[in-house]
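K.L.:
Provided herewith: upload.cif, mmCIF, N, CA and C atoms.
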data_input
loop_
_atom_site.label_atom_id
_atom_site.label_comp_id
_atom_site.auth_asym_id
_atom_site.auth_seq_id
_atom_site.Cartn_x
_atom_site.Cartn_y
_atom_site.Cartn_z
N MET A 1 51.53 91.72 114.31
CA MET A 1 50.10 91.56 114.50
C MET A 1 49.74 90.18 115.02
N GLY A 2 50.69 89.32 115.27
CA GLY A 2 50.43 87.93 115.63
C GLY A 2 49.65 87.79 116.93
N LYS A 3 49.60 86.60 117.38
CA LYS A 3 48.88 86.28 118.60
C LYS A 3 49.55 86.93 119.80
N ALA A 4 48.75 87.43 120.74
CA ALA A 4 49.30 88.06 121.94
C ALA A 4 50.01 87.00 122.79
N LYS A 5 51.16 87.38 123.33
CA LYS A 5 51.95 86.45 124.13
C LYS A 5 51.29 86.26 125.49
N SER A 6 51.09 85.00 125.87
CA SER A 6 50.46 84.72 127.16
C SER A 6 51.49 84.88 128.28
N PRO A 7 51.05 85.27 129.46
CA PRO A 7 51.99 85.44 130.58
C PRO A 7 52.54 84.09 131.03
N ARG A 8 53.74 84.12 131.58
CA ARG A 8 54.38 82.89 132.05
C ARG A 8 53.64 82.33 133.26
N ARG A 9 53.54 81.01 133.30
CA ARG A 9 52.85 80.37 134.42
C ARG A 9 53.77 80.14 135.62
N VAL A 10 55.07 80.31 135.41
CA VAL A 10 56.04 80.16 136.50
C VAL A 10 56.90 81.42 136.56
N GLY A 11 57.69 81.54 137.61
CA GLY A 11 58.49 82.75 137.83
C GLY A 11 59.61 82.91 136.82
N GLU A 12 60.29 84.04 136.90
CA GLU A 12 61.36 84.37 135.96
C GLU A 12 62.57 83.44 136.10
N ASN A 13 62.81 82.95 137.31
CA ASN A 13 63.96 82.06 137.52
C ASN A 13 63.52 80.60 137.56
N GLU A 14 62.40 80.27 136.92
CA GLU A 14 61.87 78.90 136.93
C GLU A 14 61.58 78.43 135.52
N ALA A 15 61.56 77.10 135.37
CA ALA A 15 61.17 76.48 134.12
C ALA A 15 60.32 75.26 134.46
N MET A 16 59.47 74.86 133.50
CA MET A 16 58.48 73.83 133.80
C MET A 16 58.42 72.82 132.66
N ALA A 17 58.04 71.59 133.00
CA ALA A 17 57.73 70.57 132.00
C ALA A 17 56.59 69.72 132.54
N VAL A 18 55.73 69.25 131.64
CA VAL A 18 54.56 68.47 132.04
C VAL A 18 54.51 67.18 131.23
N GLY A 19 54.34 66.07 131.93
CA GLY A 19 54.07 64.79 131.28
C GLY A 19 52.59 64.51 131.43
N THR A 20 51.83 64.51 130.32
CA THR A 20 50.38 64.47 130.43
C THR A 20 49.79 63.07 130.49
N THR A 21 50.41 62.10 129.83
CA THR A 21 49.85 60.75 129.82
C THR A 21 50.91 59.74 130.21
N ILE A 22 51.16 59.64 131.50
CA ILE A 22 52.09 58.65 132.03
C ILE A 22 51.28 57.47 132.51
N ARG A 23 51.55 56.30 131.96
CA ARG A 23 50.74 55.12 132.22
C ARG A 23 50.97 54.63 133.66
N GLY A 24 49.90 54.55 134.43
CA GLY A 24 49.95 54.10 135.81
C GLY A 24 49.15 55.04 136.70
N SER A 25 48.90 54.60 137.90
CA SER A 25 48.05 55.39 138.80
C SER A 25 48.81 56.59 139.37
N ALA A 26 48.06 57.62 139.72
CA ALA A 26 48.64 58.83 140.29
C ALA A 26 49.27 58.54 141.65
N GLN A 27 48.71 57.58 142.38
CA GLN A 27 49.25 57.25 143.70
C GLN A 27 50.66 56.67 143.58
N LYS A 28 50.88 55.80 142.59
CA LYS A 28 52.22 55.23 142.39
C LYS A 28 53.20 56.27 141.87
N LEU A 29 52.73 57.15 140.99
CA LEU A 29 53.61 58.19 140.46
C LEU A 29 53.99 59.18 141.56
N ASN A 30 53.10 59.43 142.49
CA ASN A 30 53.38 60.36 143.58
C ASN A 30 54.49 59.83 144.49
N LEU A 31 54.59 58.50 144.62
CA LEU A 31 55.68 57.92 145.41
C LEU A 31 57.03 58.23 144.77
N VAL A 32 57.08 58.22 143.44
CA VAL A 32 58.32 58.55 142.72
C VAL A 32 58.59 60.04 142.82
N ALA A 33 57.56 60.87 142.67
CA ALA A 33 57.73 62.32 142.73
C ALA A 33 58.22 62.76 144.11
N ALA A 34 57.80 62.05 145.15
CA ALA A 34 58.22 62.39 146.51
C ALA A 34 59.73 62.20 146.69
N LEU A 35 60.33 61.32 145.90
CA LEU A 35 61.77 61.07 146.01
C LEU A 35 62.60 62.28 145.58
N ILE A 36 62.06 63.11 144.67
CA ILE A 36 62.87 64.18 144.08
C ILE A 36 62.49 65.58 144.52
N ARG A 37 61.39 65.73 145.25
CA ARG A 37 60.97 67.08 145.66
C ARG A 37 62.03 67.74 146.52
N GLY A 38 62.41 68.97 146.14
CA GLY A 38 63.37 69.74 146.93
C GLY A 38 64.82 69.39 146.69
N LYS A 39 65.11 68.39 145.87
CA LYS A 39 66.49 67.98 145.62
C LYS A 39 67.08 68.81 144.48
N LYS A 40 68.42 68.83 144.39
CA LYS A 40 69.08 69.45 143.25
C LYS A 40 68.75 68.63 142.01
N ALA A 41 68.70 69.30 140.86
CA ALA A 41 68.26 68.64 139.62
C ALA A 41 69.16 67.46 139.25
N GLU A 42 70.46 67.63 139.37
CA GLU A 42 71.40 66.56 139.02
C GLU A 42 71.23 65.36 139.97
N GLU A 43 71.08 65.66 141.25
CA GLU A 43 70.88 64.60 142.24
C GLU A 43 69.56 63.87 142.00
N ALA A 44 68.52 64.62 141.62
CA ALA A 44 67.21 64.03 141.35
C ALA A 44 67.28 63.09 140.15
N LEU A 45 68.04 63.46 139.11
CA LEU A 45 68.20 62.57 137.95
C LEU A 45 68.89 61.27 138.36
N ASN A 46 69.89 61.38 139.23
CA ASN A 46 70.59 60.18 139.71
C ASN A 46 69.66 59.28 140.52
N ILE A 47 68.85 59.88 141.38
CA ILE A 47 67.91 59.11 142.19
C ILE A 47 66.94 58.35 141.30
N LEU A 48 66.42 59.02 140.27
CA LEU A 48 65.45 58.38 139.38
C LEU A 48 66.09 57.30 138.52
N SER A 49 67.34 57.51 138.11
CA SER A 49 67.98 56.52 137.25
C SER A 49 68.28 55.22 137.99
N PHE A 50 68.45 55.29 139.32
CA PHE A 50 68.73 54.09 140.10
C PHE A 50 67.53 53.57 140.87
N SER A 51 66.36 54.17 140.66
CA SER A 51 65.15 53.71 141.33
C SER A 51 64.64 52.44 140.67
N LYS A 52 64.09 51.53 141.48
CA LYS A 52 63.55 50.28 140.95
C LYS A 52 62.16 50.45 140.36
N ARG A 53 61.50 51.54 140.69
CA ARG A 53 60.12 51.73 140.25
C ARG A 53 60.06 52.03 138.75
N ALA A 54 59.07 51.42 138.08
CA ALA A 54 58.96 51.56 136.63
C ALA A 54 58.62 52.98 136.21
N MET A 55 57.87 53.70 137.02
CA MET A 55 57.47 55.06 136.66
C MET A 55 58.62 56.05 136.80
N ALA A 56 59.72 55.64 137.40
CA ALA A 56 60.87 56.54 137.55
C ALA A 56 61.45 56.90 136.19
N ARG A 57 61.35 55.99 135.21
CA ARG A 57 61.86 56.26 133.87
C ARG A 57 61.09 57.42 133.23
N ASP A 58 59.75 57.39 133.33
CA ASP A 58 58.93 58.46 132.77
C ASP A 58 59.15 59.77 133.52
N ALA A 59 59.31 59.69 134.83
CA ALA A 59 59.54 60.89 135.63
C ALA A 59 60.89 61.53 135.28
N SER A 60 61.90 60.70 135.00
CA SER A 60 63.21 61.26 134.65
C SER A 60 63.16 61.94 133.28
N LYS A 61 62.31 61.43 132.37
CA LYS A 61 62.15 62.10 131.07
C LYS A 61 61.55 63.49 131.25
N VAL A 62 60.55 63.60 132.12
CA VAL A 62 59.92 64.90 132.36
C VAL A 62 60.91 65.85 133.03
N LEU A 63 61.68 65.33 133.99
CA LEU A 63 62.68 66.16 134.67
C LEU A 63 63.76 66.63 133.70
N ALA A 64 64.21 65.74 132.82
CA ALA A 64 65.22 66.11 131.83
C ALA A 64 64.67 67.18 130.88
N SER A 65 63.39 67.09 130.56
CA SER A 65 62.76 68.09 129.71
C SER A 65 62.69 69.45 130.41
N ALA A 66 62.38 69.44 131.71
CA ALA A 66 62.33 70.69 132.48
C ALA A 66 63.72 71.33 132.55
N ILE A 67 64.75 70.51 132.71
CA ILE A 67 66.12 71.03 132.76
C ILE A 67 66.51 71.62 131.41
N ALA A 68 66.14 70.92 130.33
CA ALA A 68 66.44 71.42 128.98
C ALA A 68 65.69 72.72 128.69
N ASN A 69 64.44 72.81 129.15
CA ASN A 69 63.67 74.05 128.99
C ASN A 69 64.35 75.20 129.72
N ALA A 70 64.85 74.92 130.93
CA ALA A 70 65.52 75.96 131.72
C ALA A 70 66.77 76.46 131.01
N GLU A 71 67.52 75.54 130.43
CA GLU A 71 68.78 75.90 129.78
C GLU A 71 68.55 76.61 128.45
N ASN A 72 67.68 76.04 127.61
CA ASN A 72 67.55 76.54 126.24
C ASN A 72 66.55 77.68 126.09
N ASN A 73 65.45 77.65 126.84
CA ASN A 73 64.41 78.66 126.65
C ASN A 73 64.53 79.84 127.61
N HIS A 74 65.09 79.60 128.81
CA HIS A 74 65.09 80.65 129.84
C HIS A 74 66.49 81.05 130.30
N ASP A 75 67.54 80.48 129.69
CA ASP A 75 68.94 80.83 129.98
C ASP A 75 69.27 80.75 131.46
N LEU A 76 68.85 79.66 132.11
CA LEU A 76 69.16 79.45 133.52
C LEU A 76 70.39 78.55 133.65
N ASP A 77 71.09 78.68 134.78
CA ASP A 77 72.28 77.87 135.04
C ASP A 77 71.86 76.47 135.48
N VAL A 78 72.26 75.46 134.71
CA VAL A 78 71.83 74.09 134.97
C VAL A 78 72.36 73.57 136.31
N ASP A 79 73.56 73.99 136.69
CA ASP A 79 74.16 73.49 137.93
C ASP A 79 73.48 74.05 139.17
N ALA A 80 72.72 75.13 139.04
CA ALA A 80 72.07 75.75 140.20
C ALA A 80 70.58 75.41 140.28
N LEU A 81 70.11 74.45 139.46
CA LEU A 81 68.68 74.13 139.44
C LEU A 81 68.28 73.21 140.59
N VAL A 82 67.10 73.48 141.14
CA VAL A 82 66.52 72.68 142.22
C VAL A 82 65.10 72.33 141.82
N VAL A 83 64.65 71.12 142.14
CA VAL A 83 63.27 70.72 141.86
C VAL A 83 62.37 71.44 142.86
N ALA A 84 61.73 72.51 142.41
CA ALA A 84 60.89 73.32 143.30
C ALA A 84 59.54 72.67 143.52
N GLU A 85 59.02 71.99 142.49
CA GLU A 85 57.69 71.42 142.58
C GLU A 85 57.63 70.16 141.72
N ALA A 86 57.00 69.12 142.24
CA ALA A 86 56.73 67.90 141.47
C ALA A 86 55.32 67.47 141.85
N SER A 87 54.33 67.94 141.08
CA SER A 87 52.94 67.65 141.43
C SER A 87 52.36 66.61 140.49
N VAL A 88 51.48 65.79 141.03
CA VAL A 88 50.91 64.66 140.30
C VAL A 88 49.39 64.79 140.30
N GLY A 89 48.78 64.41 139.19
CA GLY A 89 47.33 64.42 139.10
C GLY A 89 46.84 63.32 138.18
N LYS A 90 45.53 63.14 138.15
CA LYS A 90 44.94 62.12 137.29
C LYS A 90 44.83 62.64 135.87
N SER A 91 44.95 61.73 134.92
CA SER A 91 44.70 62.04 133.52
C SER A 91 43.54 61.15 133.07
N ILE A 92 43.58 60.65 131.86
CA ILE A 92 42.48 59.81 131.37
C ILE A 92 42.54 58.42 131.98
N THR A 93 41.47 57.67 131.83
CA THR A 93 41.43 56.26 132.23
C THR A 93 40.85 55.45 131.08
N MET A 94 41.63 54.49 130.59
CA MET A 94 41.11 53.60 129.55
C MET A 94 40.26 52.53 130.21
N LYS A 95 39.11 52.24 129.63
CA LYS A 95 38.24 51.20 130.16
C LYS A 95 38.30 49.99 129.23
N ARG A 96 38.52 48.83 129.81
CA ARG A 96 38.57 47.58 129.05
C ARG A 96 37.68 46.56 129.74
N PHE A 97 37.29 45.53 129.00
CA PHE A 97 36.47 44.47 129.58
C PHE A 97 37.18 43.14 129.45
N ALA A 98 37.10 42.34 130.51
CA ALA A 98 37.66 41.00 130.50
C ALA A 98 36.51 40.01 130.64
N THR A 99 36.53 38.98 129.82
CA THR A 99 35.46 37.99 129.91
C THR A 99 35.69 37.10 131.12
N ARG A 100 34.59 36.73 131.78
CA ARG A 100 34.64 35.86 132.95
C ARG A 100 33.74 34.65 132.70
N GLY A 101 33.68 33.80 133.67
CA GLY A 101 32.85 32.60 133.52
C GLY A 101 31.37 32.90 133.52
N ARG A 102 30.60 31.96 133.03
CA ARG A 102 29.13 32.03 132.99
C ARG A 102 28.61 33.22 132.19
N GLY A 103 29.34 33.60 131.15
CA GLY A 103 28.87 34.66 130.26
C GLY A 103 28.92 36.05 130.84
N LYS A 104 29.71 36.24 131.88
CA LYS A 104 29.81 37.56 132.50
C LYS A 104 31.10 38.24 132.06
N SER A 105 31.21 39.52 132.38
CA SER A 105 32.44 40.24 132.09
C SER A 105 32.75 41.19 133.25
N THR A 106 34.02 41.59 133.32
CA THR A 106 34.50 42.47 134.38
C THR A 106 35.17 43.68 133.75
N ARG A 107 34.99 44.81 134.36
CA ARG A 107 35.60 46.03 133.87
C ARG A 107 37.04 46.13 134.38
N ILE A 108 37.96 46.49 133.48
CA ILE A 108 39.35 46.73 133.85
C ILE A 108 39.65 48.20 133.59
N LEU A 109 40.16 48.91 134.58
CA LEU A 109 40.50 50.31 134.45
C LEU A 109 42.01 50.45 134.30
N LYS A 110 42.43 51.15 133.26
CA LYS A 110 43.86 51.36 133.03
C LYS A 110 44.13 52.87 133.14
N PRO A 111 44.54 53.34 134.33
CA PRO A 111 44.67 54.78 134.55
C PRO A 111 45.95 55.37 133.95
N PHE A 112 45.87 56.65 133.62
CA PHE A 112 47.02 57.45 133.23
C PHE A 112 47.14 58.60 134.22
N SER A 113 48.36 59.12 134.38
CA SER A 113 48.60 60.22 135.32
C SER A 113 49.31 61.36 134.60
N ARG A 114 49.31 62.53 135.24
CA ARG A 114 50.08 63.65 134.71
C ARG A 114 51.06 64.13 135.78
N LEU A 115 52.24 64.52 135.33
CA LEU A 115 53.30 64.96 136.24
C LEU A 115 53.77 66.34 135.79
N ARG A 116 53.78 67.28 136.74
CA ARG A 116 54.24 68.65 136.46
C ARG A 116 55.46 68.92 137.33
N ILE A 117 56.59 69.17 136.65
CA ILE A 117 57.83 69.43 137.38
C ILE A 117 58.28 70.86 137.10
N VAL A 118 58.53 71.62 138.17
CA VAL A 118 59.06 72.98 138.07
C VAL A 118 60.44 72.99 138.68
N VAL A 119 61.42 73.47 137.90
CA VAL A 119 62.79 73.61 138.42
C VAL A 119 63.07 75.09 138.61
N ARG A 120 63.78 75.43 139.68
CA ARG A 120 64.06 76.82 140.02
C ARG A 120 65.57 77.01 140.14
N GLU A 121 66.05 78.13 139.62
CA GLU A 121 67.47 78.46 139.76
C GLU A 121 67.68 79.07 141.15
N GLN A 122 68.57 78.45 141.91
CA GLN A 122 68.79 78.90 143.28
C GLN A 122 70.23 79.38 143.43
N GLU A 123 70.38 80.51 144.11
CA GLU A 123 71.71 81.05 144.32
C GLU A 123 72.48 80.17 145.28
N GLU A 124 73.75 79.98 145.03
CA GLU A 124 74.59 79.15 145.90
C GLU A 124 74.76 79.86 147.24
N ALA A 125 74.48 79.14 148.32
CA ALA A 125 74.54 79.75 149.64
C ALA A 125 75.88 79.50 150.30
#
Could you show the structure in this file as structure tokens?

P.N.:
Amino acid sequence: MGKAKSPRRVGENEAMAVGTTIRGSAQKLNLVAALIRGKKAEEALNILSFSKRAMARDASKVLASAIANAENNHDLDVDALVVAEASVGKSITMKRFATRGRGKSTRILKPFSRLRIVVREQEEA
């Protein structure tokens, strides 16, 4: 009698992971996501681990989570996984104030981003 099972948001041969609050702008995170789109999952992890960009660490955590979801929840072959989608969007923005001269203040915006990675099992060609 429990809750009705919701339909899957991705295909049968796909798995997904989402990072909802990654600190930094969506524009910078999209530069990192562009590095891994369409690559094999193992190759994408290597690219992110050797990237100089700070957001690559958070992106690799989300990718590792998507790979683990594929293996443990959907019984997909890890060696045949490809990054099918790496989409980036805005999340919350923290607002802070910095004091300035002559009794004034300035607004500081600290943006967060969200990253959605979908890995797909692809047949060896």

K.L.:
From the set A:Met55, A:Val78, A:Ala84, A:Met94, which residue has the shortest atom-to-atom contact distance to Gly24 (chain A), counting only C-alpha atoms?

P.N.:
A:Met55

K.L.:
Can you work out which one of A:Asp58, A:Ile108, A:Ile67, A:Val118 has the shortest atom-to-atom distance to Arg23 (chain A), counting only N, CA and C atoms?

P.N.:
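Of A:Asp58, A:Ile108, A:Ile67, A:Val118, the one nearest Arg23 (chain A) is A:Asp58, counting only N, CA and C atoms.
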
K.L.:
Evaluate the PyMOL selection byres ((chain A and resi 17-19) around 6) against this structure - the residues, as a ChimeraX atom specification, please.

P.N.:
/A:15-16,20-22,62,65-66,113-118

K.L.:
Would you please work out which residue, of A:Ala68, A:Leu29, A:Val82, A:Val88, is nearest to Ala56 (chain A) when using all atoms listed in the file?

P.N.:
A:Leu29

K.L.:
Please indicate the distance in Å from CA of Ala44 (chain A) to CA of Ile92 (chain A), rounded to one decimal place.

P.N.:
27.0 Å

K.L.:
Would you mind reading off the distance between CA of Lys28 (chain A) and CA of Ser49 (chain A), one decimal, in Å?

P.N.:
16.6 Å

K.L.:
Could you give me the centre and size, in Å to one decimal, of an axis-aligned box around all listed atoms of region 20-36 of chain A with 3 Å added on every side, as lines of an AutoDock Vina configuration file?

P.N.:
center_x = 55.5
center_y = 59.8
center_z = 138.3
size_x = 20.8
size_y = 17.5
size_z = 22.9

K.L.:
Running DSSP on the backbone, which parts of region 35-110 of chain A land in strand (DSSP E or B), as a VMD selection string?

P.N.:
chain A and resid 40 81 to 99 105 to 110

K.L.:
Those same residues, written as a PDB file, keeping the file's coordinate frame with N, CA and C atoms?

P.N.:
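Output file out-v1.pdb is given in full below:
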ATOM      1  N   LYS A  40      68.420  68.830 144.390  1.00  0.00           N
ATOM      2  CA  LYS A  40      69.080  69.450 143.250  1.00  0.00           C
ATOM      3  C   LYS A  40      68.750  68.630 142.010  1.00  0.00           C
ATOM      4  N   LEU A  81      70.110  74.450 139.460  1.00  0.00           N
ATOM      5  CA  LEU A  81      68.680  74.130 139.440  1.00  0.00           C
ATOM      6  C   LEU A  81      68.280  73.210 140.590  1.00  0.00           C
ATOM      7  N   VAL A  82      67.100  73.480 141.140  1.00  0.00           N
ATOM      8  CA  VAL A  82      66.520  72.680 142.220  1.00  0.00           C
ATOM      9  C   VAL A  82      65.100  72.330 141.820  1.00  0.00           C
ATOM     10  N   VAL A  83      64.650  71.120 142.140  1.00  0.00           N
ATOM     11  CA  VAL A  83      63.270  70.720 141.860  1.00  0.00           C
ATOM     12  C   VAL A  83      62.370  71.440 142.860  1.00  0.00           C
ATOM     13  N   ALA A  84      61.730  72.510 142.410  1.00  0.00           N
ATOM     14  CA  ALA A  84      60.890  73.320 143.300  1.00  0.00           C
ATOM     15  C   ALA A  84      59.540  72.670 143.520  1.00  0.00           C
ATOM     16  N   GLU A  85      59.020  71.990 142.490  1.00  0.00           N
ATOM     17  CA  GLU A  85      57.690  71.420 142.580  1.00  0.00           C
ATOM     18  C   GLU A  85      57.630  70.160 141.720  1.00  0.00           C
ATOM     19  N   ALA A  86      57.000  69.120 142.240  1.00  0.00           N
ATOM     20  CA  ALA A  86      56.730  67.900 141.470  1.00  0.00           C
ATOM     21  C   ALA A  86      55.320  67.470 141.850  1.00  0.00           C
ATOM     22  N   SER A  87      54.330  67.940 141.080  1.00  0.00           N
ATOM     23  CA  SER A  87      52.940  67.650 141.430  1.00  0.00           C
ATOM     24  C   SER A  87      52.360  66.610 140.490  1.00  0.00           C
ATOM     25  N   VAL A  88      51.480  65.790 141.030  1.00  0.00           N
ATOM     26  CA  VAL A  88      50.910  64.660 140.300  1.00  0.00           C
ATOM     27  C   VAL A  88      49.390  64.790 140.300  1.00  0.00           C
ATOM     28  N   GLY A  89      48.780  64.410 139.190  1.00  0.00           N
ATOM     29  CA  GLY A  89      47.330  64.420 139.100  1.00  0.00           C
ATOM     30  C   GLY A  89      46.840  63.320 138.180  1.00  0.00           C
ATOM     31  N   LYS A  90      45.530  63.140 138.150  1.00  0.00           N
ATOM     32  CA  LYS A  90      44.940  62.120 137.290  1.00  0.00           C
ATOM     33  C   LYS A  90      44.830  62.640 135.870  1.00  0.00           C
ATOM     34  N   SER A  91      44.950  61.730 134.920  1.00  0.00           N
ATOM     35  CA  SER A  91      44.700  62.040 133.520  1.00  0.00           C
ATOM     36  C   SER A  91      43.540  61.150 133.070  1.00  0.00           C
ATOM     37  N   ILE A  92      43.580  60.650 131.860  1.00  0.00           N
ATOM     38  CA  ILE A  92      42.480  59.810 131.370  1.00  0.00           C
ATOM     39  C   ILE A  92      42.540  58.420 131.980  1.00  0.00           C
ATOM     40  N   THR A  93      41.470  57.670 131.830  1.00  0.00           N
ATOM     41  CA  THR A  93      41.430  56.260 132.230  1.00  0.00           C
ATOM     42  C   THR A  93      40.850  55.450 131.080  1.00  0.00           C
ATOM     43  N   MET A  94      41.630  54.490 130.590  1.00  0.00           N
ATOM     44  CA  MET A  94      41.110  53.600 129.550  1.00  0.00           C
ATOM     45  C   MET A  94      40.260  52.530 130.210  1.00  0.00           C
ATOM     46  N   LYS A  95      39.110  52.240 129.630  1.00  0.00           N
ATOM     47  CA  LYS A  95      38.240  51.200 130.160  1.00  0.00           C
ATOM     48  C   LYS A  95      38.300  49.990 129.230  1.00  0.00           C
ATOM     49  N   ARG A  96      38.520  48.830 129.810  1.00  0.00           N
ATOM     50  CA  ARG A  96      38.570  47.580 129.050  1.00  0.00           C
ATOM     51  C   ARG A  96      37.680  46.560 129.740  1.00  0.00           C
ATOM     52  N   PHE A  97      37.290  45.530 129.000  1.00  0.00           N
ATOM     53  CA  PHE A  97      36.470  44.470 129.580  1.00  0.00           C
ATOM     54  C   PHE A  97      37.180  43.140 129.450  1.00  0.00           C
ATOM     55  N   ALA A  98      37.100  42.340 130.510  1.00  0.00           N
ATOM     56  CA  ALA A  98      37.660  41.000 130.500  1.00  0.00           C
ATOM     57  C   ALA A  98      36.510  40.010 130.640  1.00  0.00           C
ATOM     58  N   THR A  99      36.530  38.980 129.820  1.00  0.00           N
ATOM     59  CA  THR A  99      35.460  37.990 129.910  1.00  0.00           C
ATOM     60  C   THR A  99      35.690  37.100 131.120  1.00  0.00           C
ATOM     61  N   SER A 105      31.210  39.520 132.380  1.00  0.00           N
ATOM     62  CA  SER A 105      32.440  40.240 132.090  1.00  0.00           C
ATOM     63  C   SER A 105      32.750  41.190 133.250  1.00  0.00           C
ATOM     64  N   THR A 106      34.020  41.590 133.320  1.00  0.00           N
ATOM     65  CA  THR A 106      34.500  42.470 134.380  1.00  0.00           C
ATOM     66  C   THR A 106      35.170  43.680 133.750  1.00  0.00           C
ATOM     67  N   ARG A 107      34.990  44.810 134.360  1.00  0.00           N
ATOM     68  CA  ARG A 107      35.600  46.030 133.870  1.00  0.00           C
ATOM     69  C   ARG A 107      37.040  46.130 134.380  1.00  0.00           C
ATOM     70  N   ILE A 108      37.960  46.490 133.480  1.00  0.00           N
ATOM     71  CA  ILE A 108      39.350  46.730 133.850  1.00  0.00           C
ATOM     72  C   ILE A 108      39.650  48.200 133.590  1.00  0.00           C
ATOM     73  N   LEU A 109      40.160  48.910 134.580  1.00  0.00           N
ATOM     74  CA  LEU A 109      40.500  50.310 134.450  1.00  0.00           C
ATOM     75  C   LEU A 109      42.010  50.450 134.300  1.00  0.00           C
ATOM     76  N   LYS A 110      42.430  51.150 133.260  1.00  0.00           N
ATOM     77  CA  LYS A 110      43.860  51.360 133.030  1.00  0.00           C
ATOM     78  C   LYS A 110      44.130  52.870 133.140  1.00  0.00           C
TER      79      LYS A 110
END

K.L.:
With distances taken over all atoms listed in the file, which residue among A:Ala86, A:Asp79, A:Gly101, A:Arg96 lies nearest Ala41 (chain A)?

P.N.:
A:Asp79

K.L.:
Nearest to Glu12 (chain A) among A:Leu109, A:His74, A:Glu85, A:Ala80, with distances taken over only N, CA and C atoms: which residue is it?

P.N.:
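When distances to Glu12 (chain A) are compared using only N, CA and C atoms, the smallest one comes from A:His74.
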
K.L.:
Atom N of Asn30 (chain A) to atom N of Gln122 (chain A): how many Å, to one decimal?

P.N.:
24.5 Å

K.L.:
Please extract the residues of chain A with a backbone DSSP assignment of helix (DSSP H, G or I) and present them as a ChimeraX atom specification.

P.N.:
/A:26-36,41-49,55-72,78-80,101-103

K.L.:
Nearest to Val119 (chain A): which of A:Ala54, A:Ala33, A:Ala98, A:Val10 is it, counting only C-alpha atoms?

P.N.:
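For Val119 (chain A), the nearest of the given residues is A:Val10.
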